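What follows is data_38.cif (mmCIF, C-alpha atoms).
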data_start
#
loop_
_atom_site.label_atom_id
_atom_site.label_comp_id
_atom_site.auth_asym_id
_atom_site.auth_seq_id
_atom_site.Cartn_x
_atom_site.Cartn_y
_atom_site.Cartn_z
CA MET A 1 -4.81 12.28 4.29
CA ARG A 2 -6.44 8.90 4.86
CA GLN A 3 -5.92 7.22 8.24
CA ARG A 4 -3.51 4.32 7.84
CA HIS A 5 -2.00 1.59 10.00
CA ARG A 6 0.96 2.93 11.99
CA SER A 7 3.33 0.38 10.40
CA ILE A 8 2.83 1.96 6.97
CA THR A 9 5.50 4.63 7.02
CA ILE A 10 6.80 6.71 4.16
CA ALA A 11 10.10 4.80 4.39
CA ARG A 12 8.24 1.48 4.06
CA LEU A 13 6.31 2.75 1.04
CA VAL A 14 9.51 3.99 -0.63
CA ARG A 15 11.29 0.65 -0.03
CA ALA A 16 8.36 -1.24 -1.55
CA LEU A 17 8.32 1.04 -4.60
CA GLU A 18 12.10 0.75 -5.03
CA ARG A 19 11.72 -3.05 -5.00
CA ALA A 20 8.89 -2.78 -7.51
CA ALA A 21 11.10 -0.77 -9.87
CA ARG A 22 13.46 -3.77 -10.11
CA THR A 23 10.75 -6.46 -10.37
CA THR A 24 7.24 -6.98 -11.72
CA GLU A 25 5.82 -6.65 -8.22
CA ASP A 26 3.00 -4.16 -7.71
CA PRO A 27 2.92 -3.49 -3.96
CA GLY A 28 -0.02 -2.35 -1.94
CA PHE A 29 -0.80 -2.08 1.75
CA CYS A 30 -3.84 -2.64 3.91
CA VAL A 31 -4.46 0.57 5.84
CA ILE A 32 -6.43 -1.41 8.43
CA CYS A 33 -4.08 -4.26 9.41
CA GLY A 34 -0.78 -3.08 7.85
CA ALA A 35 -0.26 -6.13 5.61
CA GLU A 36 1.79 -5.74 2.45
CA VAL A 37 -0.02 -7.17 -0.57
CA GLY A 38 1.39 -7.96 -4.01
CA GLY A 39 -0.32 -7.56 -7.36
CA VAL A 40 -2.09 -4.30 -6.50
CA GLU A 41 -2.71 -1.60 -9.09
CA PRO A 42 -0.74 1.55 -8.20
CA ASP A 43 -3.93 3.62 -7.93
CA ALA A 44 -6.02 0.95 -6.14
CA GLU A 45 -8.32 2.18 -3.37
CA GLY A 46 -10.32 -0.06 -1.06
CA ASP A 47 -9.49 -3.52 -2.41
CA ARG A 48 -10.18 -6.49 -0.13
CA CYS A 49 -7.30 -7.60 2.10
CA GLU A 50 -6.55 -11.33 2.12
CA GLN A 51 -5.17 -11.04 5.68
CA CYS A 52 -8.00 -9.27 7.53
CA GLY A 53 -10.84 -9.43 4.98
CA GLU A 54 -11.52 -5.69 5.10
CA ARG A 55 -11.60 -3.38 2.09
CA GLY A 56 -8.48 -1.49 3.09
CA VAL A 57 -5.89 -2.27 0.41
CA TYR A 58 -4.44 0.70 -1.43
CA GLY A 59 -1.66 0.88 -3.99
CA ALA A 60 1.70 1.92 -2.55
CA GLU A 61 1.95 4.79 -5.05
CA GLN A 62 -1.50 6.04 -4.07
CA LEU A 63 -0.57 6.00 -0.38
CA LEU A 64 2.71 7.81 -1.04
CA ILE A 65 0.91 10.52 -3.03
CA GLU A 66 -1.61 10.98 -0.21
CA ALA A 67 1.18 11.12 2.39
CA SER A 68 2.87 13.95 0.52
CA GLU A 69 -0.28 16.10 0.31
#

Target encoding structure tokens, full file:
Amino acid sequence: MRQRHRSITIARLVRALERAARTTEDPGFCVICGAEVGGVEPDAEGDRCEQCGERGVYGAEQLLIEASE
């Protein structure tokens, strides 16, 4: 499993995906700084984070899959 910011818990990922199921939001998270980012493809890996500038944004679905492996 990929190293991720300690604030990105399974519960946080699930809440974001539950919200996304009721909206058009596509959540993602930066594994470096922990920021939640909108408009991220579910399978995104390594997109640039607007908060910290690093290429650490992953789709919430992708992170949840990795967490369950």

For this session: With the file shown as input, list the residues that the PyMOL selection byres ((chain A and resi 48-55) around 7) selects, as a PyMOL selection string.
Result: chain A and resi 30+33+35+46-47+56-57

Problem set entry | Nearby residues (all atoms listed in the file) at most 10 Å from Ser68 of chain A, same-chain spacing under 3 positions excluded, as a ChimeraX atom specification | /A:1,10,63-65

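When only C-alpha atoms are used to compute distances to Asp26 of chain A, the closest of the residues A:Tyr58, A:Pro42, A:Val14, A:Ser7 turns out to be A:Pro42.
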
Resolved residues for the PyMOL selection byres ((chain A and resi 38) around 7) as a short mmCIF file (atom, residue, chain, number, x, y, z; two decimals) with C-alpha atoms, in the coordinates of the input:
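Okay, this is what ended up in result23.cif:
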data_model
loop_
_atom_site.label_atom_id
_atom_site.label_comp_id
_atom_site.auth_asym_id
_atom_site.auth_seq_id
_atom_site.Cartn_x
_atom_site.Cartn_y
_atom_site.Cartn_z
CA GLU A 25 5.82 -6.65 -8.22
CA ASP A 26 3.00 -4.16 -7.71
CA PRO A 27 2.92 -3.49 -3.96
CA GLY A 28 -0.02 -2.35 -1.94
CA GLU A 36 1.79 -5.74 2.45
CA VAL A 37 -0.02 -7.17 -0.57
CA GLY A 39 -0.32 -7.56 -7.36
CA VAL A 40 -2.09 -4.30 -6.50
#

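Proximity ranking of A:Ala16, A:Ala44, A:Ile32, A:Ile8 relative to Gln62 of chain A places A:Ala44 first, based on all atoms listed in the file.
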
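As for atom CA of His5 of chain A and atom CA of Glu41 of chain A, they are spaced 19.4 Å apart.
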